[in-house]
Amino acid sequence: MGTGWVDVETNDLLFTALLVLMTCMLLGWLRPRWPWRWVIVVAMFVPLAELAAYTILTVKPTRGQAYGSLLTALPGMAGAYGGAVMRRVMDNLRERK
């Protein structure tokens, strides 16, 4: 929910994508079993926050901002799978000692 709020407040999609990437990477590292679920959980709040800002607040995002908020799932996917791979590599390195 915080990433969606940051996207509405700052109106900077690059910073929002970075937050989604970091959050999904952390969650993918903590629970690497199904990384795609972290992308759904984290990235769905960015378009929902845009929709809430459009309906409730006086902030009216443009059509490009609305479609761009859907694209935050791409860095989220890279972060979640990167975190899961990093966790599995760390587990393999600890296992070999």
# chains A, B, ... in the order shown; residues from 1 in each chain; ligands from 1

$ select_by_dssp --residues "chain A" --states "alpha helix (DSSP H)" --output "number ranges by chain"
A: 2-10, 13-30, 36-43, 45-55, 63-70, 73-96

$ residues_around --residues "A:Ala43" --least-positions-apart "4" --cutoff "8 Å" --atoms "only C-alpha atoms" --output "ChimeraX atom specification"
/A:20,39,47,70,72-73,76

$ write_last_selection --atoms "C-alpha atoms" --output "PDB file, in the first residue's frame"
ATOM      1  CA  VAL A  20       8.350  -2.332  -5.907  1.00  0.00           C
ATOM      2  CA  VAL A  39       4.548  -9.541  -7.477  1.00  0.00           C
ATOM      3  CA  PRO A  47      -2.973   0.719  -9.814  1.00  0.00           C
ATOM      4  CA  LEU A  70       0.398  -1.514 -14.385  1.00  0.00           C
ATOM      5  CA  THR A  72       5.374  -1.755 -12.117  1.00  0.00           C
ATOM      6  CA  ALA A  73       4.784  -5.500 -12.138  1.00  0.00           C
ATOM      7  CA  GLY A  76       8.531  -6.513  -9.314  1.00  0.00           C
TER       8      GLY A  76
END

$ residues_around --residues "A:Thr16" --least-positions-apart "3" --cutoff "12 Å" --atoms "only C-alpha atoms" --output "VMD selection string"
chain A and resid 1 to 13 19 to 23 42 to 43 45 to 47 49 65 68 to 76

$ write_last_selection --atoms "N, CA, C and O atoms" --output "compact mmCIF listing (two decimals), in the first residue's frame"
# COMPACT_ATOMS: atom_id res chain seq x y z
N MET A 1 0.82 -1.18 0.00
CA MET A 1 0.00 0.00 0.00
C MET A 1 0.87 1.25 0.00
O MET A 1 0.48 2.27 -0.55
N GLY A 2 2.03 1.14 0.62
CA GLY A 2 2.95 2.27 0.66
C GLY A 2 3.47 2.65 -0.70
O GLY A 2 3.65 3.84 -0.99
N THR A 3 3.71 1.66 -1.56
CA THR A 3 4.21 1.98 -2.89
C THR A 3 3.16 2.71 -3.72
O THR A 3 3.48 3.61 -4.48
N GLY A 4 1.91 2.35 -3.55
CA GLY A 4 0.84 3.05 -4.25
C GLY A 4 0.70 4.48 -3.77
O GLY A 4 0.49 5.40 -4.56
N TRP A 5 0.82 4.67 -2.47
CA TRP A 5 0.75 6.01 -1.90
C TRP A 5 1.90 6.88 -2.40
O TRP A 5 1.70 8.04 -2.74
N VAL A 6 3.11 6.29 -2.44
CA VAL A 6 4.27 7.04 -2.94
C VAL A 6 4.07 7.41 -4.40
O VAL A 6 4.41 8.52 -4.82
N ASP A 7 3.48 6.51 -5.18
CA ASP A 7 3.26 6.81 -6.59
C ASP A 7 2.28 7.97 -6.77
O ASP A 7 2.49 8.84 -7.61
N VAL A 8 1.24 8.01 -5.96
CA VAL A 8 0.27 9.10 -6.07
C VAL A 8 0.87 10.41 -5.58
O VAL A 8 0.69 11.46 -6.19
N GLU A 9 1.62 10.36 -4.49
CA GLU A 9 2.16 11.59 -3.90
C GLU A 9 3.31 12.19 -4.71
O GLU A 9 3.36 13.39 -4.93
N THR A 10 4.24 11.36 -5.14
CA THR A 10 5.41 11.88 -5.83
C THR A 10 5.23 11.98 -7.34
O THR A 10 5.94 12.74 -7.99
N ASN A 11 4.31 11.17 -7.88
CA ASN A 11 4.06 11.14 -9.32
C ASN A 11 5.34 10.81 -10.09
O ASN A 11 5.60 11.35 -11.16
N ASP A 12 6.15 9.93 -9.52
CA ASP A 12 7.40 9.51 -10.15
C ASP A 12 7.38 7.99 -10.28
O ASP A 12 7.57 7.27 -9.30
N LEU A 13 7.10 7.51 -11.46
CA LEU A 13 6.95 6.08 -11.67
C LEU A 13 8.26 5.33 -11.52
O LEU A 13 8.27 4.18 -11.11
N LEU A 19 10.85 1.05 -5.61
CA LEU A 19 10.28 0.55 -4.35
C LEU A 19 9.65 -0.82 -4.52
O LEU A 19 9.80 -1.69 -3.66
N VAL A 20 8.95 -1.02 -5.63
CA VAL A 20 8.35 -2.33 -5.91
C VAL A 20 9.45 -3.38 -6.09
O VAL A 20 9.34 -4.50 -5.57
N LEU A 21 10.51 -3.03 -6.79
CA LEU A 21 11.64 -3.94 -6.99
C LEU A 21 12.26 -4.35 -5.66
O LEU A 21 12.48 -5.54 -5.40
N MET A 22 12.53 -3.36 -4.80
CA MET A 22 13.18 -3.67 -3.51
C MET A 22 12.26 -4.51 -2.63
O MET A 22 12.72 -5.46 -1.97
N THR A 23 10.98 -4.17 -2.59
CA THR A 23 10.05 -4.91 -1.74
C THR A 23 9.88 -6.35 -2.22
O THR A 23 9.92 -7.29 -1.41
N VAL A 42 2.34 -7.12 -4.09
CA VAL A 42 2.93 -5.79 -3.99
C VAL A 42 2.48 -4.88 -5.14
O VAL A 42 2.06 -3.74 -4.91
N ALA A 43 2.54 -5.37 -6.35
CA ALA A 43 2.30 -4.51 -7.51
C ALA A 43 0.83 -4.18 -7.74
O ALA A 43 0.52 -3.23 -8.44
N PHE A 45 -1.20 -2.94 -5.64
CA PHE A 45 -1.61 -1.76 -4.90
C PHE A 45 -1.29 -0.45 -5.62
O PHE A 45 -1.89 0.56 -5.30
N VAL A 46 -0.39 -0.48 -6.57
CA VAL A 46 -0.06 0.75 -7.30
C VAL A 46 -1.23 1.17 -8.19
O VAL A 46 -1.69 2.32 -8.10
N PRO A 47 -1.80 0.29 -9.04
CA PRO A 47 -2.97 0.72 -9.81
C PRO A 47 -4.20 0.98 -8.93
O PRO A 47 -5.00 1.85 -9.23
N ALA A 49 -4.14 2.25 -5.95
CA ALA A 49 -3.96 3.58 -5.38
C ALA A 49 -4.25 4.66 -6.41
O ALA A 49 -4.82 5.71 -6.07
N GLN A 65 -0.30 7.63 -16.87
CA GLN A 65 0.06 7.25 -15.50
C GLN A 65 -0.69 5.99 -15.07
O GLN A 65 -0.15 5.14 -14.37
N GLY A 68 0.93 3.16 -16.90
CA GLY A 68 2.29 3.00 -16.38
C GLY A 68 2.30 2.33 -15.03
O GLY A 68 3.25 1.61 -14.68
N SER A 69 1.25 2.54 -14.24
CA SER A 69 1.21 1.90 -12.93
C SER A 69 1.05 0.39 -13.05
O SER A 69 1.46 -0.35 -12.16
N LEU A 70 0.49 -0.07 -14.16
CA LEU A 70 0.40 -1.51 -14.38
C LEU A 70 1.76 -2.11 -14.71
O LEU A 70 2.00 -3.29 -14.46
N LEU A 71 2.65 -1.28 -15.27
CA LEU A 71 3.97 -1.76 -15.66
C LEU A 71 4.92 -1.95 -14.48
O LEU A 71 6.02 -2.45 -14.65
N THR A 72 4.51 -1.54 -13.28
CA THR A 72 5.37 -1.75 -12.12
C THR A 72 5.50 -3.23 -11.77
O THR A 72 6.36 -3.60 -10.97
N ALA A 73 4.66 -4.06 -12.37
CA ALA A 73 4.78 -5.50 -12.14
C ALA A 73 6.05 -6.07 -12.77
O ALA A 73 6.58 -7.08 -12.29
N LEU A 74 6.57 -5.42 -13.82
CA LEU A 74 7.78 -5.93 -14.47
C LEU A 74 9.02 -5.85 -13.58
O LEU A 74 9.72 -6.86 -13.42
N PRO A 75 9.35 -4.71 -12.97
CA PRO A 75 10.48 -4.73 -12.03
C PRO A 75 10.18 -5.55 -10.78
O PRO A 75 11.09 -6.11 -10.18
N GLY A 76 8.90 -5.65 -10.44
CA GLY A 76 8.53 -6.51 -9.31
C GLY A 76 8.83 -7.97 -9.60
O GLY A 76 9.30 -8.71 -8.73

$ closest_residue --among "A:Leu30, A:Trp36, A:Leu18, A:Leu57" --to "A:Ala80" --atoms "only C-alpha atoms"
A:Trp36

$ atom_distance --atom1 "atom CA of A:Lys60" --atom2 "atom CA of A:Gly79"
29.2 Å

$ closest_residue --among "A:Ala66, A:Leu93, A:Val41, A:Ala53" --to "A:Leu27" --atoms "only C-alpha atoms"
A:Val41

$ atom_distance --atom1 "atom CA of A:Ile40" --atom2 "atom CA of A:Met77"
9.0 Å

$ closest_residue --among "A:Leu14, A:Tyr67, A:Cys24, A:Trp29" --to "A:Ala84" --atoms "only C-alpha atoms"
A:Trp29

$ closest_residue --among "A:Leu48, A:Ala78, A:Val85, A:Val59" --to "A:Pro32" --atoms "only C-alpha atoms"
A:Val85

$ decode --residues "chain A" --atoms "C-alpha atoms" --output "PDB file, in the first residue's frame"
ATOM      1  CA  MET A   1       0.000   0.000   0.000  1.00  0.00           C
ATOM      2  CA  GLY A   2       2.947   2.271   0.662  1.00  0.00           C
ATOM      3  CA  THR A   3       4.211   1.977  -2.891  1.00  0.00           C
ATOM      4  CA  GLY A   4       0.844   3.050  -4.249  1.00  0.00           C
ATOM      5  CA  TRP A   5       0.746   6.013  -1.902  1.00  0.00           C
ATOM      6  CA  VAL A   6       4.269   7.037  -2.940  1.00  0.00           C
ATOM      7  CA  ASP A   7       3.255   6.808  -6.592  1.00  0.00           C
ATOM      8  CA  VAL A   8       0.268   9.100  -6.066  1.00  0.00           C
ATOM      9  CA  GLU A   9       2.157  11.591  -3.899  1.00  0.00           C
ATOM     10  CA  THR A  10       5.413  11.884  -5.835  1.00  0.00           C
ATOM     11  CA  ASN A  11       4.061  11.143  -9.319  1.00  0.00           C
ATOM     12  CA  ASP A  12       7.405   9.514 -10.148  1.00  0.00           C
ATOM     13  CA  LEU A  13       6.947   6.081 -11.669  1.00  0.00           C
ATOM     14  CA  LEU A  14      10.673   5.319 -11.666  1.00  0.00           C
ATOM     15  CA  PHE A  15      10.888   5.742  -7.887  1.00  0.00           C
ATOM     16  CA  THR A  16       7.731   3.648  -7.482  1.00  0.00           C
ATOM     17  CA  ALA A  17       9.227   0.901  -9.655  1.00  0.00           C
ATOM     18  CA  LEU A  18      12.369   0.965  -7.509  1.00  0.00           C
ATOM     19  CA  LEU A  19      10.284   0.552  -4.351  1.00  0.00           C
ATOM     20  CA  VAL A  20       8.350  -2.332  -5.907  1.00  0.00           C
ATOM     21  CA  LEU A  21      11.638  -3.942  -6.993  1.00  0.00           C
ATOM     22  CA  MET A  22      13.175  -3.674  -3.513  1.00  0.00           C
ATOM     23  CA  THR A  23      10.046  -4.914  -1.745  1.00  0.00           C
ATOM     24  CA  CYS A  24       9.579  -7.889  -4.058  1.00  0.00           C
ATOM     25  CA  MET A  25      13.276  -8.751  -3.821  1.00  0.00           C
ATOM     26  CA  LEU A  26      13.107  -8.786  -0.033  1.00  0.00           C
ATOM     27  CA  LEU A  27       9.938 -10.885  -0.001  1.00  0.00           C
ATOM     28  CA  GLY A  28      11.333 -13.250  -2.644  1.00  0.00           C
ATOM     29  CA  TRP A  29      14.441 -13.688  -0.532  1.00  0.00           C
ATOM     30  CA  LEU A  30      12.459 -14.332   2.648  1.00  0.00           C
ATOM     31  CA  ARG A  31       9.973 -16.764   1.063  1.00  0.00           C
ATOM     32  CA  PRO A  32      11.414 -18.070  -2.240  1.00  0.00           C
ATOM     33  CA  ARG A  33       8.913 -20.846  -2.918  1.00  0.00           C
ATOM     34  CA  TRP A  34       6.490 -19.011  -5.276  1.00  0.00           C
ATOM     35  CA  PRO A  35       7.983 -15.624  -6.143  1.00  0.00           C
ATOM     36  CA  TRP A  36       5.170 -14.646  -8.517  1.00  0.00           C
ATOM     37  CA  ARG A  37       2.772 -14.247  -5.591  1.00  0.00           C
ATOM     38  CA  TRP A  38       4.848 -11.381  -4.184  1.00  0.00           C
ATOM     39  CA  VAL A  39       4.548  -9.541  -7.477  1.00  0.00           C
ATOM     40  CA  ILE A  40       0.779  -9.838  -7.317  1.00  0.00           C
ATOM     41  CA  VAL A  41       0.615  -8.794  -3.667  1.00  0.00           C
ATOM     42  CA  VAL A  42       2.935  -5.786  -3.988  1.00  0.00           C
ATOM     43  CA  ALA A  43       2.300  -4.508  -7.511  1.00  0.00           C
ATOM     44  CA  MET A  44      -1.494  -4.641  -7.367  1.00  0.00           C
ATOM     45  CA  PHE A  45      -1.612  -1.758  -4.898  1.00  0.00           C
ATOM     46  CA  VAL A  46      -0.060   0.748  -7.296  1.00  0.00           C
ATOM     47  CA  PRO A  47      -2.973   0.719  -9.814  1.00  0.00           C
ATOM     48  CA  LEU A  48      -5.448   0.464  -6.936  1.00  0.00           C
ATOM     49  CA  ALA A  49      -3.956   3.582  -5.378  1.00  0.00           C
ATOM     50  CA  GLU A  50      -4.209   5.367  -8.729  1.00  0.00           C
ATOM     51  CA  LEU A  51      -7.870   4.353  -8.933  1.00  0.00           C
ATOM     52  CA  ALA A  52      -8.522   5.472  -5.355  1.00  0.00           C
ATOM     53  CA  ALA A  53      -6.806   8.793  -6.028  1.00  0.00           C
ATOM     54  CA  TYR A  54      -8.976   9.274  -9.090  1.00  0.00           C
ATOM     55  CA  THR A  55     -12.243   8.480  -7.319  1.00  0.00           C
ATOM     56  CA  ILE A  56     -11.658   9.893  -3.830  1.00  0.00           C
ATOM     57  CA  LEU A  57      -9.001  12.590  -3.992  1.00  0.00           C
ATOM     58  CA  THR A  58      -8.671  15.595  -6.221  1.00  0.00           C
ATOM     59  CA  VAL A  59      -5.591  14.037  -7.848  1.00  0.00           C
ATOM     60  CA  LYS A  60      -6.499  13.047 -11.379  1.00  0.00           C
ATOM     61  CA  PRO A  61      -3.839  10.823 -12.968  1.00  0.00           C
ATOM     62  CA  THR A  62      -3.530  10.822 -16.732  1.00  0.00           C
ATOM     63  CA  ARG A  63      -4.160   7.791 -18.894  1.00  0.00           C
ATOM     64  CA  GLY A  64      -0.400   7.289 -19.262  1.00  0.00           C
ATOM     65  CA  GLN A  65       0.057   7.250 -15.502  1.00  0.00           C
ATOM     66  CA  ALA A  66      -2.720   4.688 -15.124  1.00  0.00           C
ATOM     67  CA  TYR A  67      -1.200   2.368 -17.731  1.00  0.00           C
ATOM     68  CA  GLY A  68       2.287   2.998 -16.376  1.00  0.00           C
ATOM     69  CA  SER A  69       1.207   1.899 -12.932  1.00  0.00           C
ATOM     70  CA  LEU A  70       0.398  -1.514 -14.385  1.00  0.00           C
ATOM     71  CA  LEU A  71       3.974  -1.765 -15.657  1.00  0.00           C
ATOM     72  CA  THR A  72       5.374  -1.755 -12.117  1.00  0.00           C
ATOM     73  CA  ALA A  73       4.784  -5.500 -12.138  1.00  0.00           C
ATOM     74  CA  LEU A  74       7.782  -5.933 -14.471  1.00  0.00           C
ATOM     75  CA  PRO A  75      10.479  -4.726 -12.033  1.00  0.00           C
ATOM     76  CA  GLY A  76       8.531  -6.513  -9.314  1.00  0.00           C
ATOM     77  CA  MET A  77       8.854  -9.768 -11.222  1.00  0.00           C
ATOM     78  CA  ALA A  78      12.583  -9.256 -11.672  1.00  0.00           C
ATOM     79  CA  GLY A  79      12.991  -8.443  -7.981  1.00  0.00           C
ATOM     80  CA  ALA A  80      10.950 -11.383  -6.706  1.00  0.00           C
ATOM     81  CA  TYR A  81      12.697 -13.945  -8.879  1.00  0.00           C
ATOM     82  CA  GLY A  82      16.084 -12.320  -8.228  1.00  0.00           C
ATOM     83  CA  GLY A  83      15.503 -12.554  -4.491  1.00  0.00           C
ATOM     84  CA  ALA A  84      14.406 -16.191  -4.766  1.00  0.00           C
ATOM     85  CA  VAL A  85      17.470 -17.105  -6.823  1.00  0.00           C
ATOM     86  CA  MET A  86      19.729 -15.256  -4.400  1.00  0.00           C
ATOM     87  CA  ARG A  87      18.209 -17.176  -1.478  1.00  0.00           C
ATOM     88  CA  ARG A  88      18.680 -20.532  -3.197  1.00  0.00           C
ATOM     89  CA  VAL A  89      22.283 -19.689  -4.037  1.00  0.00           C
ATOM     90  CA  MET A  90      22.957 -18.698  -0.423  1.00  0.00           C
ATOM     91  CA  ASP A  91      21.337 -21.927   0.809  1.00  0.00           C
ATOM     92  CA  ASN A  92      23.499 -23.985  -1.571  1.00  0.00           C
ATOM     93  CA  LEU A  93      26.666 -22.199  -0.428  1.00  0.00           C
ATOM     94  CA  ARG A  94      25.846 -22.829   3.241  1.00  0.00           C
ATOM     95  CA  GLU A  95      25.040 -26.474   2.509  1.00  0.00           C
ATOM     96  CA  ARG A  96      28.439 -27.190   0.908  1.00  0.00           C
ATOM     97  CA  LYS A  97      30.523 -26.126   3.903  1.00  0.00           C
TER      98      LYS A  97
END
